[in-house]
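Chemist: Dropping in start20.cif, with mmCIF, C-alpha atoms.
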```
data_structure
#
loop_
_atom_site.group_PDB
_atom_site.id
_atom_site.type_symbol
_atom_site.label_atom_id
_atom_site.label_comp_id
_atom_site.auth_asym_id
_atom_site.auth_seq_id
_atom_site.Cartn_x
_atom_site.Cartn_y
_atom_site.Cartn_z
ATOM 1 C CA MET I 162 0.000 0.000 0.000
ATOM 2 C CA ARG I 163 1.482 3.326 -1.090
ATOM 3 C CA GLN I 164 1.616 6.015 1.548
ATOM 4 C CA ASP I 165 2.681 9.623 1.009
ATOM 5 C CA ILE I 166 3.419 11.923 3.920
ATOM 6 C CA HIS I 167 2.388 15.554 3.494
ATOM 7 C CA MET I 168 2.926 18.555 5.782
ATOM 8 C CA ALA I 169 0.746 21.654 6.063
ATOM 9 C CA ALA I 170 1.067 24.698 8.338
ATOM 10 C CA ILE I 171 -1.626 27.035 9.600
ATOM 11 C CA LEU I 172 -0.213 30.577 9.712
ATOM 12 C CA GLU I 173 -2.766 32.926 11.286
ATOM 13 C CA ARG I 174 -2.456 36.690 11.602
ATOM 14 C CA ASP I 175 -5.239 39.045 12.678
ATOM 15 C CA GLY I 176 -7.832 36.340 12.128
ATOM 16 C CA ARG I 177 -6.683 35.552 8.581
ATOM 17 C CA LEU I 178 -4.842 32.525 7.211
ATOM 18 C CA PHE I 179 -1.949 32.504 4.774
ATOM 19 C CA LEU I 180 -2.600 30.261 1.763
ATOM 20 C CA VAL I 181 -0.560 29.485 -1.332
ATOM 21 C CA ARG I 182 -1.062 27.962 -4.753
ATOM 22 C CA ALA I 183 1.343 26.742 -7.388
ATOM 23 C CA ARG I 184 -0.278 28.567 -10.326
ATOM 24 C CA PRO I 185 -3.241 30.880 -10.949
ATOM 25 C CA ASP I 186 -5.690 28.063 -11.719
ATOM 26 C CA ALA I 187 -4.496 25.737 -8.940
ATOM 27 C CA PRO I 188 -6.466 25.248 -5.720
ATOM 28 C CA TRP I 189 -5.431 27.201 -2.654
ATOM 29 C CA GLU I 190 -3.697 25.225 0.073
ATOM 30 C CA LEU I 191 -1.875 25.590 3.339
ATOM 31 C CA PRO I 192 1.874 26.142 2.946
ATOM 32 C CA GLY I 193 3.691 22.852 3.129
ATOM 33 C CA GLY I 194 4.295 19.954 0.791
ATOM 34 C CA PRO I 195 5.246 16.285 0.592
ATOM 35 C CA LEU I 196 7.998 14.855 2.758
ATOM 36 C CA PRO I 197 11.001 14.177 0.481
ATOM 37 C CA LEU I 198 12.072 10.540 0.274
ATOM 38 C CA GLU I 199 15.558 11.424 1.477
ATOM 39 C CA ASN I 200 14.228 13.115 4.629
ATOM 40 C CA ASP I 201 12.812 11.233 7.598
ATOM 41 C CA ASP I 202 12.225 14.145 9.991
ATOM 42 C CA ILE I 203 8.788 15.650 9.373
ATOM 43 C CA ASP I 204 9.182 18.425 11.955
ATOM 44 C CA ALA I 205 12.534 19.512 10.524
ATOM 45 C CA GLU I 206 11.148 19.520 6.983
ATOM 46 C CA MET I 207 8.127 21.563 8.071
ATOM 47 C CA ASP I 208 10.501 24.032 9.685
ATOM 48 C CA ALA I 209 12.555 24.165 6.464
ATOM 49 C CA VAL I 210 9.431 24.838 4.385
ATOM 50 C CA LEU I 211 8.470 27.741 6.651
ATOM 51 C CA GLN I 212 11.990 29.177 6.574
ATOM 52 C CA ARG I 213 11.892 29.176 2.771
ATOM 53 C CA LEU I 214 8.750 31.279 3.083
ATOM 54 C CA GLY I 215 10.554 33.698 5.402
ATOM 55 C CA VAL I 216 8.861 32.419 8.555
ATOM 56 C CA MET I 217 10.520 31.441 11.823
ATOM 57 C CA ALA I 218 8.455 29.167 14.080
ATOM 58 C CA PRO I 219 10.679 28.214 17.028
ATOM 59 C CA ALA I 220 8.260 25.695 18.550
ATOM 60 C CA ILE I 221 7.252 23.798 15.428
ATOM 61 C CA GLU I 222 7.600 20.372 17.091
ATOM 62 C CA GLU I 223 5.099 21.390 19.755
ATOM 63 C CA ASP I 224 2.897 23.000 17.093
ATOM 64 C CA PHE I 225 1.830 19.671 15.573
ATOM 65 C CA LEU I 226 -1.960 19.644 15.633
ATOM 66 C CA GLN I 227 -3.613 16.748 13.842
ATOM 67 C CA THR I 228 -3.060 13.986 11.306
ATOM 68 C CA HIS I 229 -5.656 13.308 8.624
ATOM 69 C CA TYR I 230 -5.741 10.359 6.217
ATOM 70 C CA PHE I 231 -6.817 10.967 2.627
ATOM 71 C CA PRO I 232 -7.420 7.880 0.482
ATOM 72 C CA VAL I 233 -5.831 7.989 -2.973
ATOM 73 C CA GLU I 234 -5.485 5.411 -5.698
ATOM 74 C CA GLY I 235 -3.255 2.637 -4.437
ATOM 75 C CA GLY I 236 -2.841 4.005 -0.928
ATOM 76 C CA GLN I 237 -3.327 7.093 1.197
ATOM 77 C CA VAL I 238 -1.917 10.530 1.982
ATOM 78 C CA VAL I 239 -0.943 11.153 5.604
ATOM 79 C CA TYR I 240 -1.762 14.859 6.008
ATOM 80 C CA ASN I 241 0.027 16.327 9.035
ATOM 81 C CA VAL I 242 -1.315 19.729 10.112
ATOM 82 C CA TYR I 243 0.694 22.158 12.223
ATOM 83 C CA ALA I 244 -0.691 25.311 13.855
ATOM 84 C CA ALA I 245 2.341 27.582 14.050
ATOM 85 C CA THR I 246 2.565 29.603 17.259
ATOM 86 C CA GLU I 247 4.894 32.465 18.140
ATOM 87 C CA TRP I 248 5.952 32.662 14.528
ATOM 88 C CA VAL I 249 7.567 35.759 13.073
ATOM 89 C CA GLY I 250 8.276 36.965 9.558
ATOM 90 C CA ASP I 251 6.506 38.163 6.452
ATOM 91 C CA PRO I 252 5.708 35.044 4.396
ATOM 92 C CA SER I 253 6.246 35.233 0.658
ATOM 93 C CA VAL I 254 6.424 32.729 -2.192
ATOM 94 C CA SER I 255 8.587 32.210 -5.259
ATOM 95 C CA PRO I 256 7.764 34.081 -8.479
ATOM 96 C CA GLY I 257 4.919 32.464 -10.352
ATOM 97 C CA HIS I 258 3.267 31.145 -7.200
ATOM 98 C CA GLY I 259 0.177 32.668 -5.639
ATOM 99 C CA ALA I 260 -0.207 33.739 -2.031
ATOM 100 C CA GLY I 261 -2.881 35.501 -0.025
ATOM 101 C CA TRP I 262 -4.518 36.040 3.346
ATOM 102 C CA PHE I 263 -8.033 34.702 3.852
ATOM 103 C CA GLY I 264 -10.582 34.975 6.638
ATOM 104 C CA LEU I 265 -12.248 31.825 7.894
ATOM 105 C CA GLU I 266 -15.435 32.842 6.103
ATOM 106 C CA ASP I 267 -13.455 32.906 2.838
ATOM 107 C CA ILE I 268 -12.101 29.401 3.399
ATOM 108 C CA GLN I 269 -15.538 27.927 2.859
ATOM 109 C CA ALA I 270 -15.907 29.552 -0.569
ATOM 110 C CA ILE I 271 -12.508 29.595 -2.290
ATOM 111 C CA HIS I 272 -11.197 26.925 -4.658
ATOM 112 C CA MET I 273 -9.329 24.311 -2.627
ATOM 113 C CA ASP I 274 -9.241 20.582 -1.996
ATOM 114 C CA GLU I 275 -12.307 19.723 0.045
ATOM 115 C CA ARG I 276 -10.377 17.473 2.406
ATOM 116 C CA ALA I 277 -7.822 20.210 3.134
ATOM 117 C CA ARG I 278 -10.673 22.687 3.638
ATOM 118 C CA ASN I 279 -12.295 20.343 6.145
ATOM 119 C CA ALA I 280 -8.994 19.942 7.996
ATOM 120 C CA ILE I 281 -8.770 23.729 8.423
ATOM 121 C CA LEU I 282 -12.379 24.098 9.524
ATOM 122 C CA GLN I 283 -11.973 21.248 12.019
ATOM 123 C CA ALA I 284 -8.843 22.889 13.433
ATOM 124 C CA PHE I 285 -10.880 26.001 14.227
ATOM 125 C CA GLY I 286 -13.899 24.093 15.519
ATOM 126 C CA LEU I 287 -16.082 25.194 12.599
ATOM 127 C CA LYS I 288 -16.725 21.687 11.375
ATOM 128 C CA GLU I 289 -17.249 18.507 13.309
ATOM 129 C CA ALA I 290 -14.863 15.732 12.379
ATOM 130 C CA GLU I 291 -16.708 12.872 10.790
ATOM 131 C CA ASP I 292 -17.691 10.205 13.268
ATOM 132 C CA ASP I 293 -17.356 6.860 11.537
ATOM 133 C CA THR I 294 -19.703 5.002 13.847
ATOM 134 C CA ALA I 295 -22.499 4.715 11.300
ATOM 135 C CA ARG I 296 -20.159 3.376 8.660
ATOM 136 C CA ILE I 297 -18.666 0.926 11.141
ATOM 137 C CA MET I 298 -22.120 -0.377 11.854
ATOM 138 C CA ALA I 299 -22.713 -0.913 8.151
ATOM 139 C CA ALA I 300 -19.307 -2.497 7.658
ATOM 140 C CA LEU I 301 -19.714 -4.846 10.581
ATOM 141 C CA SER I 302 -23.308 -5.788 9.887
ATOM 142 C CA GLY I 303 -22.186 -8.252 7.258
ATOM 143 C CA GLU I 304 -19.855 -9.933 9.747
ATOM 144 C CA ALA I 305 -22.409 -10.460 12.487
ATOM 145 C CA ALA I 306 -22.924 -14.099 11.585
ATOM 146 C CA ALA I 307 -19.212 -14.784 12.061
ATOM 147 C CA ALA I 308 -19.132 -13.375 15.597
ATOM 148 C CA PRO I 309 -19.470 -15.789 18.526
ATOM 149 C CA ALA I 310 -22.953 -16.031 19.949
ATOM 150 C CA GLY I 311 -23.492 -13.489 22.694
ATOM 151 C CA ALA I 312 -20.279 -11.593 21.952
ATOM 152 C CA PRO I 313 -20.569 -7.822 22.137
ATOM 153 C CA SER I 314 -20.476 -6.077 18.784
ATOM 154 C CA LEU I 315 -18.480 -2.902 18.197
ATOM 155 C CA ASP I 316 -21.476 -1.211 16.634
ATOM 156 C CA LEU I 317 -23.429 -1.682 19.859
ATOM 157 C CA LEU I 318 -20.789 -0.248 22.153
ATOM 158 C CA PRO I 319 -21.324 3.329 23.343
ATOM 159 C CA VAL I 320 -19.430 6.004 21.464
ATOM 160 C CA PRO I 321 -18.296 8.508 24.110
ATOM 161 C CA GLU I 322 -18.450 12.131 22.996
ATOM 162 C CA THR I 323 -16.175 14.793 24.417
ATOM 163 C CA GLY I 324 -18.961 17.346 24.468
ATOM 164 C CA ASN I 325 -16.716 20.089 23.058
ATOM 165 C CA ARG I 326 -17.574 21.510 19.678
ATOM 166 C CA GLY I 327 -14.989 20.561 17.076
ATOM 167 C CA GLU I 328 -13.377 17.889 19.239
ATOM 168 C CA ARG I 329 -13.527 14.338 17.982
ATOM 169 C CA SER I 330 -15.159 11.489 19.806
ATOM 170 C CA ARG I 331 -12.862 8.859 21.240
ATOM 171 C CA ARG I 332 -14.207 6.380 18.713
ATOM 172 C CA ALA I 333 -13.341 8.571 15.723
ATOM 173 C CA ALA I 334 -9.900 9.418 17.147
ATOM 174 C CA GLY I 335 -9.234 5.747 17.854
ATOM 175 C CA LEU I 336 -10.135 4.810 14.305
ATOM 176 C CA ASP I 337 -7.678 7.404 13.001
ATOM 177 C CA VAL I 338 -4.873 5.827 15.030
ATOM 178 C CA LEU I 339 -5.902 2.301 14.060
ATOM 179 C CA GLY I 340 -5.861 3.185 10.371
ATOM 180 C CA ALA I 341 -2.428 4.787 10.667
ATOM 181 C CA LEU I 342 -0.883 1.918 12.612
ATOM 182 C CA ARG I 343 -2.184 -0.648 10.154
ATOM 183 C CA ALA I 344 -1.787 1.551 7.040
ATOM 184 C CA SER I 345 -5.210 0.334 5.994
ATOM 185 C CA ASP I 346 -8.814 1.392 5.947
ATOM 186 C CA ALA I 347 -9.829 1.995 9.547
ATOM 187 C CA LEU I 348 -13.204 0.346 9.074
ATOM 188 C CA GLU I 349 -11.658 -2.823 7.710
ATOM 189 C CA ALA I 350 -9.119 -2.892 10.531
ATOM 190 C CA ALA I 351 -11.907 -2.354 13.082
ATOM 191 C CA ALA I 352 -13.947 -5.171 11.555
ATOM 192 C CA ARG I 353 -10.972 -7.542 11.751
ATOM 193 C CA LEU I 354 -10.358 -6.552 15.361
ATOM 194 C CA GLU I 355 -14.018 -7.086 16.185
ATOM 195 C CA ARG I 356 -13.983 -10.566 14.658
ATOM 196 C CA ALA I 357 -10.753 -11.562 16.404
ATOM 197 C CA ARG I 358 -11.293 -9.946 19.827
ATOM 198 C CA PRO I 359 -14.967 -8.923 20.157
ATOM 199 C CA GLU I 360 -14.774 -8.497 23.929
ATOM 200 C CA LEU I 361 -11.804 -6.097 23.733
ATOM 201 C CA ALA I 362 -12.397 -4.262 20.447
ATOM 202 C CA GLY I 363 -14.297 -1.350 21.960
ATOM 203 C CA ASP I 364 -11.803 -0.866 24.795
ATOM 204 C CA ILE I 365 -8.862 -0.921 22.376
ATOM 205 C CA ILE I 366 -10.361 1.571 19.931
ATOM 206 C CA ASP I 367 -12.044 3.929 22.397
ATOM 207 C CA PHE I 368 -9.564 3.943 25.281
ATOM 208 C CA ALA I 369 -6.138 2.622 24.261
ATOM 209 C CA LEU I 370 -6.184 4.336 20.870
ATOM 210 C CA GLY I 371 -8.867 7.016 21.086
ATOM 211 C CA GLU I 372 -7.889 8.395 24.490
ATOM 212 C CA VAL I 373 -4.282 7.460 25.245
ATOM 213 C CA TRP I 374 -2.726 7.265 21.767
ATOM 214 C CA ALA I 375 -4.673 10.256 20.466
ATOM 215 C CA SER I 376 -3.662 12.535 23.332
ATOM 216 C CA PRO I 377 -1.672 15.509 21.971
ATOM 217 C CA ALA I 378 0.775 15.417 24.884
ATOM 218 C CA LEU I 379 3.057 13.102 22.890
ATOM 219 C CA ASP I 380 3.354 12.936 19.128
ATOM 220 C CA PRO I 381 2.550 9.613 17.372
ATOM 221 C CA ARG I 382 6.163 8.908 16.397
ATOM 222 C CA THR I 383 7.308 9.141 20.011
ATOM 223 C CA ARG I 384 4.486 6.849 21.095
ATOM 224 C CA SER I 385 5.403 4.348 18.370
ATOM 225 C CA LEU I 386 9.028 4.194 19.487
ATOM 226 C CA GLU I 387 7.908 3.861 23.116
ATOM 227 C CA ALA I 388 5.646 0.958 22.170
ATOM 228 C CA ILE I 389 8.455 -0.755 20.252
ATOM 229 C CA SER I 390 10.866 -0.429 23.159
ATOM 230 C CA MET I 391 8.385 -1.663 25.773
ATOM 231 C CA LEU I 392 7.215 -4.620 23.701
ATOM 232 C CA ALA I 393 10.795 -5.634 22.909
ATOM 233 C CA ALA I 394 11.941 -5.175 26.510
ATOM 234 C CA THR I 395 9.135 -7.402 27.803
ATOM 235 C CA GLY I 396 9.705 -10.109 25.190
ATOM 236 C CA ARG I 397 6.478 -9.551 23.247
ATOM 237 C CA THR I 398 7.990 -10.084 19.823
ATOM 238 C CA GLY I 399 4.957 -11.401 17.960
ATOM 239 C CA ALA I 400 2.254 -9.560 16.056
ATOM 240 C CA PRO I 401 2.080 -6.533 18.415
ATOM 241 C CA LEU I 402 5.752 -5.686 17.837
ATOM 242 C CA ARG I 403 5.377 -6.075 14.063
ATOM 243 C CA THR I 404 2.295 -3.859 14.140
ATOM 244 C CA HIS I 405 4.049 -1.079 16.035
ATOM 245 C CA ILE I 406 7.184 -1.199 13.901
ATOM 246 C CA GLU I 407 4.952 -0.888 10.841
ATOM 247 C CA GLY I 408 2.979 1.856 12.587
ATOM 248 C CA ALA I 409 6.169 3.764 13.396
ATOM 249 C CA LEU I 410 7.203 3.680 9.742
ATOM 250 C CA ASN I 411 3.712 4.793 8.748
ATOM 251 C CA TYR I 412 4.049 7.803 11.046
ATOM 252 C CA GLY I 413 7.347 8.822 9.447
ATOM 253 C CA VAL I 414 9.836 7.229 11.853
ATOM 254 C CA SER I 415 13.013 6.355 9.969
ATOM 255 C CA PRO I 416 14.432 2.797 9.894
ATOM 256 C CA GLU I 417 17.538 4.145 11.633
ATOM 257 C CA GLN I 418 15.409 5.404 14.521
ATOM 258 C CA VAL I 419 13.842 1.957 14.915
ATOM 259 C CA VAL I 420 17.323 0.409 14.951
ATOM 260 C CA GLU I 421 18.518 2.883 17.584
ATOM 261 C CA THR I 422 15.439 2.170 19.700
ATOM 262 C CA LEU I 423 16.305 -1.538 19.789
ATOM 263 C CA ARG I 424 19.911 -0.665 20.583
ATOM 264 C CA MET I 425 18.614 1.241 23.603
ATOM 265 C CA VAL I 426 16.584 -1.844 24.526
ATOM 266 C CA ALA I 427 19.823 -3.832 24.444
ATOM 267 C CA VAL I 428 21.491 -1.369 26.822
ATOM 268 C CA TYR I 429 18.665 -1.059 29.337
ATOM 269 C CA ALA I 430 16.706 -4.319 29.035
ATOM 270 C CA GLY I 431 19.488 -6.670 27.971
ATOM 271 C CA PHE I 432 20.912 -7.926 24.696
ATOM 272 C CA PRO I 433 18.719 -11.075 24.678
ATOM 273 C CA ALA I 434 15.606 -8.882 24.510
ATOM 274 C CA ALA I 435 17.018 -6.888 21.601
ATOM 275 C CA LEU I 436 18.219 -10.027 19.827
ATOM 276 C CA GLU I 437 14.729 -11.523 19.998
ATOM 277 C CA ALA I 438 13.172 -8.338 18.600
ATOM 278 C CA TRP I 439 15.776 -7.818 15.880
ATOM 279 C CA PRO I 440 14.463 -10.470 13.428
ATOM 280 C CA VAL I 441 10.960 -8.995 13.703
ATOM 281 C CA MET I 442 12.354 -5.604 12.748
ATOM 282 C CA GLU I 443 14.373 -7.061 9.868
ATOM 283 C CA ALA I 444 11.371 -8.998 8.546
ATOM 284 C CA THR I 445 9.233 -5.849 8.651
ATOM 285 C CA PHE I 446 11.911 -3.881 6.823
ATOM 286 C CA ALA I 447 12.301 -6.635 4.220
ATOM 287 C CA GLN I 448 8.567 -6.678 3.584
ATOM 288 C CA ARG I 449 8.753 -2.968 2.757
ATOM 289 C CA GLY I 450 11.897 -3.235 0.684
ATOM 290 C CA ILE I 451 14.036 -1.438 3.270
ATOM 291 C CA PRO I 452 17.715 -2.535 3.169
ATOM 292 C CA ARG I 453 19.030 -4.582 6.054
ATOM 293 C CA PRO I 454 20.157 -2.228 8.847
ATOM 294 C CA GLY I 455 23.829 -1.423 8.816
ATOM 295 C CA ARG I 456 24.347 -2.390 5.201
ATOM 296 C CA PRO I 457 24.621 0.032 2.282
ATOM 297 C CA SER I 458 21.607 0.281 -0.002
#
```
Could you render the structure as structure tokens?
Modeler:
Amino acid sequence: MRQDIHMAAILERDGRLFLVRARPDAPWELPGGPLPLENDDIDAEMDAVLQRLGVMAPAIEEDFLQTHYFPVEGGQVVYNVYAATEWVGDPSVSPGHGAGWFGLEDIQAIHMDERARNAILQAFGLKEAEDDTARIMAALSGEAAAAPAGAPSLDLLPVPETGNRGERSRRAAGLDVLGALRASDALEAAARLERARPELAGDIIDFALGEVWASPALDPRTRSLEAISMLAATGRTGAPLRTHIEGALNYGVSPEQVVETLRMVAVYAGFPAALEAWPVMEATFAQRGIPRPGRPS
């Protein structure tokens, strides 16, 4: 499954947002762009993009706001939105490119990708993020016969709402994380989880993913590396470790960072723990066509 990582920054001044476009007939968009293949640090690349615009945002790592997942042919776009704070400068673009400042009321009318527009409106609480509960119910309804008799079904579990306008429910946030970790359609992943572990599916999606994983206190890449280290240190080198190594790569963690995480496991949890986890990492890399760690490509 192809996955492209894209960065976008919200630059707000006096209630207006700075938008750019590549040519006069192109849709408006937030300043940003795709993560180059040779770069594995999304925050650093976002900072570089802003500097090229003449903007200094000293806290860009802490400015990460939300990840959205846009399906495209053959895969998905991971759309990482930053809300730049304490930024300074007078943003400008290269000759031939368009740039302008738009009020939030303008955002709903100008020519731009609908998914990017929705991401902006959600960031400002002007649009509720889509709650996928109804679609989950439809997706799971065809699997009901396969579920054990009397087992709880995900579509019957309560979907806790935060109660704050513009803030996602735990269910919707959990589905976002699940889709990113598995690099697959969240509904399909939820249906598989429901079939395999019907008693735990709701707790995993709503609490483990929707509340803990989705908390903004730590970014997803940090959480992925934490999960890898803890699973390896405790000897859980089966499917969970593979899933979180894959999830880390999906979130933009570099292979070298995964390697260094297992090296830290060797130092603090013992070399046997790292040695048991190492083949899982290598197999995951091989499946993605990533060269064996430590060897030239």
Chemist: Would you list the residues near (8.4, 1.9, 22.7), meaning any protein, DNA or RNA residue with an atom at most 10 Å from that point in file coordinates, counting all atoms listed in the file, as a PyMOL selection string?
Modeler: chain I and resi 382-394+402+405-406+409+419+422-423+426
Chemist: Take the residues from that selection and put them in a file with C-alpha atoms, as a short mmCIF file (atom, residue, chain, number, x, y, z; two decimals), keeping the file's coordinate frame.
Modeler:
```cif
data_model
loop_
_atom_site.label_atom_id
_atom_site.label_comp_id
_atom_site.auth_asym_id
_atom_site.auth_seq_id
_atom_site.Cartn_x
_atom_site.Cartn_y
_atom_site.Cartn_z
CA ARG I 382 6.16 8.91 16.40
CA THR I 383 7.31 9.14 20.01
CA ARG I 384 4.49 6.85 21.10
CA SER I 385 5.40 4.35 18.37
CA LEU I 386 9.03 4.19 19.49
CA GLU I 387 7.91 3.86 23.12
CA ALA I 388 5.65 0.96 22.17
CA ILE I 389 8.46 -0.76 20.25
CA SER I 390 10.87 -0.43 23.16
CA MET I 391 8.38 -1.66 25.77
CA LEU I 392 7.22 -4.62 23.70
CA ALA I 393 10.80 -5.63 22.91
CA ALA I 394 11.94 -5.18 26.51
CA LEU I 402 5.75 -5.69 17.84
CA HIS I 405 4.05 -1.08 16.04
CA ILE I 406 7.18 -1.20 13.90
CA ALA I 409 6.17 3.76 13.40
CA VAL I 419 13.84 1.96 14.92
CA THR I 422 15.44 2.17 19.70
CA LEU I 423 16.30 -1.54 19.79
CA VAL I 426 16.58 -1.84 24.53
#
```
Chemist: If you count all atoms listed in the file, which residues fall within 12 Å of Glu222 in chain I, apart from same-chain ones fewer than 6 positions away, as a list in words?
Modeler: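 Final neighbour list, sorted by chain and number: Ala170, Asp202, Ile203, Asp204, Ala205, Glu206, Met207, Asp208, Asn241, Val242, Tyr243, Ala244, Ala245, Thr246, Pro377, Ala378, Leu379, Asp380, Pro381, Arg382 and Thr383 of chain I.
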Chemist: Any idea what the distance is between CA of His229 in chain I and CA of Glu372 in chain I?
Modeler: 16.8 Å
Chemist: Considering all atoms listed in the file, state which residue in the set I:Ala400, I:Val233, I:Val216, I:Val181 is at the smallest distance from Arg276 in chain I.
Modeler: I:Val233
Chemist: Applied to the shown file, which residues does the PyMOL selection byres ((chain I and resi 417) around 12) return, written as a list in words?
Modeler: Asn200, Asp201, Asp202, Leu386, Ile406, Ala409, Leu410, Gly413, Val414, Ser415, Pro416, Gln418, Val419, Val420, Glu421, Thr422, Leu423, Arg424, Met442, Glu443, Phe446, Ile451, Pro452, Arg453, Pro454, Gly455 and Arg456 of chain I
Chemist: So how far away is CA of Val239 in chain I from CA of Arg177 in chain I, in Å?
Modeler: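 Separation of CA of Arg177 in chain I and CA of Val239 in chain I: 25.2 Å.
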Chemist: Any chance you could resolve the PyMOL selection byres ((chain I and resi 247) around 10) against this file and give the residues as a list in words?
Modeler: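 Selection result, ordered by chain and number: Met217, Ala218, Pro219, Ala220, Ile221, Asp224, Ala245, Thr246, Trp248 and Val249 of chain I.
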Chemist: Could you check how far CA of Arg213 in chain I sits from CA of Ile166 in chain I, in Å to one decimal?
Modeler: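 These two atoms are separated by 19.3 Å.
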Chemist: Please tell me which residues are no farther than 10 Å from (-2.3, 34.3, 9.7) in the file, counting all atoms listed in the file, and write them as a ChimeraX atom specification.
Modeler: /I:171-180,245,248,252,261-264
Chemist: Which one is closest to Arg182 in chain I: I:Leu214, I:Met273, I:Ala375, I:Val238? Count all atoms listed in the file.
Modeler: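 Closest residue, counting all atoms listed in the file: I:Met273.
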Chemist: Apply the PyMOL selection byres ((chain I and resi 335) around 10) to the displayed file and report the matching residues as a list in words.
Modeler: Arg329, Ser330, Arg331, Arg332, Ala333, Ala334, Leu336, Asp337, Val338, Leu339, Gly340, Ala341, Ala347, Ala351, Gly363, Asp364, Ile365, Ile366, Asp367, Phe368, Ala369, Leu370, Gly371, Glu372, Val373, Trp374 and Ala375 of chain I
Chemist: Could the residues in this selection be saved with C-alpha atoms as an mmCIF file, in the coordinates of the input?
Modeler:
```
data_model
loop_
_atom_site.group_PDB
_atom_site.id
_atom_site.type_symbol
_atom_site.label_atom_id
_atom_site.label_comp_id
_atom_site.auth_asym_id
_atom_site.auth_seq_id
_atom_site.Cartn_x
_atom_site.Cartn_y
_atom_site.Cartn_z
ATOM 1 C CA ARG I 329 -13.527 14.338 17.982
ATOM 2 C CA SER I 330 -15.159 11.489 19.806
ATOM 3 C CA ARG I 331 -12.862 8.859 21.240
ATOM 4 C CA ARG I 332 -14.207 6.380 18.713
ATOM 5 C CA ALA I 333 -13.341 8.571 15.723
ATOM 6 C CA ALA I 334 -9.900 9.418 17.147
ATOM 7 C CA LEU I 336 -10.135 4.810 14.305
ATOM 8 C CA ASP I 337 -7.678 7.404 13.001
ATOM 9 C CA VAL I 338 -4.873 5.827 15.030
ATOM 10 C CA LEU I 339 -5.902 2.301 14.060
ATOM 11 C CA GLY I 340 -5.861 3.185 10.371
ATOM 12 C CA ALA I 341 -2.428 4.787 10.667
ATOM 13 C CA ALA I 347 -9.829 1.995 9.547
ATOM 14 C CA ALA I 351 -11.907 -2.354 13.082
ATOM 15 C CA GLY I 363 -14.297 -1.350 21.960
ATOM 16 C CA ASP I 364 -11.803 -0.866 24.795
ATOM 17 C CA ILE I 365 -8.862 -0.921 22.376
ATOM 18 C CA ILE I 366 -10.361 1.571 19.931
ATOM 19 C CA ASP I 367 -12.044 3.929 22.397
ATOM 20 C CA PHE I 368 -9.564 3.943 25.281
ATOM 21 C CA ALA I 369 -6.138 2.622 24.261
ATOM 22 C CA LEU I 370 -6.184 4.336 20.870
ATOM 23 C CA GLY I 371 -8.867 7.016 21.086
ATOM 24 C CA GLU I 372 -7.889 8.395 24.490
ATOM 25 C CA VAL I 373 -4.282 7.460 25.245
ATOM 26 C CA TRP I 374 -2.726 7.265 21.767
ATOM 27 C CA ALA I 375 -4.673 10.256 20.466
#
```
Chemist: Give the centre and edge lengths of an axis-aligned box, in Å to one decimal, that holds all listed atoms of range 419-435 of chain I with 4 Å on each side, as lines of an AutoDock Vina configuration file.
Modeler:
```
center_x = 17.7
center_y = -4.1
center_z = 22.1
size_x = 15.6
size_y = 22.0
size_z = 22.4
```
Chemist: Since the input is missing atoms, can you rebuild N, CA, C and O atoms for range 368-375 of chain I and write them as a PDB file, keeping the file's coordinate frame?
Modeler:
```
ATOM      1  N   PHE I 368     -10.450   3.498  24.203  1.00  0.00           N
ATOM      2  CA  PHE I 368      -9.564   3.943  25.281  1.00  0.00           C
ATOM      3  C   PHE I 368      -8.093   3.921  24.871  1.00  0.00           C
ATOM      4  O   PHE I 368      -7.436   4.966  24.828  1.00  0.00           O
ATOM      5  N   ALA I 369      -7.567   2.723  24.542  1.00  0.00           N
ATOM      6  CA  ALA I 369      -6.138   2.622  24.261  1.00  0.00           C
ATOM      7  C   ALA I 369      -5.715   3.526  23.107  1.00  0.00           C
ATOM      8  O   ALA I 369      -4.700   4.228  23.186  1.00  0.00           O
ATOM      9  N   LEU I 370      -6.531   3.533  22.034  1.00  0.00           N
ATOM     10  CA  LEU I 370      -6.184   4.336  20.870  1.00  0.00           C
ATOM     11  C   LEU I 370      -6.827   5.723  20.910  1.00  0.00           C
ATOM     12  O   LEU I 370      -6.170   6.734  20.702  1.00  0.00           O
ATOM     13  N   GLY I 371      -8.135   5.758  21.175  1.00  0.00           N
ATOM     14  CA  GLY I 371      -8.867   7.016  21.086  1.00  0.00           C
ATOM     15  C   GLY I 371      -8.586   7.983  22.203  1.00  0.00           C
ATOM     16  O   GLY I 371      -8.745   9.201  22.025  1.00  0.00           O
ATOM     17  N   GLU I 372      -8.172   7.488  23.375  1.00  0.00           N
ATOM     18  CA  GLU I 372      -7.889   8.395  24.490  1.00  0.00           C
ATOM     19  C   GLU I 372      -6.397   8.528  24.744  1.00  0.00           C
ATOM     20  O   GLU I 372      -5.862   9.636  24.789  1.00  0.00           O
ATOM     21  N   VAL I 373      -5.701   7.393  24.899  1.00  0.00           N
ATOM     22  CA  VAL I 373      -4.282   7.460  25.245  1.00  0.00           C
ATOM     23  C   VAL I 373      -3.436   7.810  24.022  1.00  0.00           C
ATOM     24  O   VAL I 373      -2.700   8.799  24.014  1.00  0.00           O
ATOM     25  N   TRP I 374      -3.540   7.017  22.951  1.00  0.00           N
ATOM     26  CA  TRP I 374      -2.726   7.265  21.767  1.00  0.00           C
ATOM     27  C   TRP I 374      -3.029   8.621  21.144  1.00  0.00           C
ATOM     28  O   TRP I 374      -2.141   9.281  20.627  1.00  0.00           O
ATOM     29  N   ALA I 375      -4.283   9.015  21.142  1.00  0.00           N
ATOM     30  CA  ALA I 375      -4.673  10.256  20.466  1.00  0.00           C
ATOM     31  C   ALA I 375      -4.407  11.510  21.284  1.00  0.00           C
ATOM     32  O   ALA I 375      -4.586  12.618  20.787  1.00  0.00           O
TER      33      ALA I 375
END
```
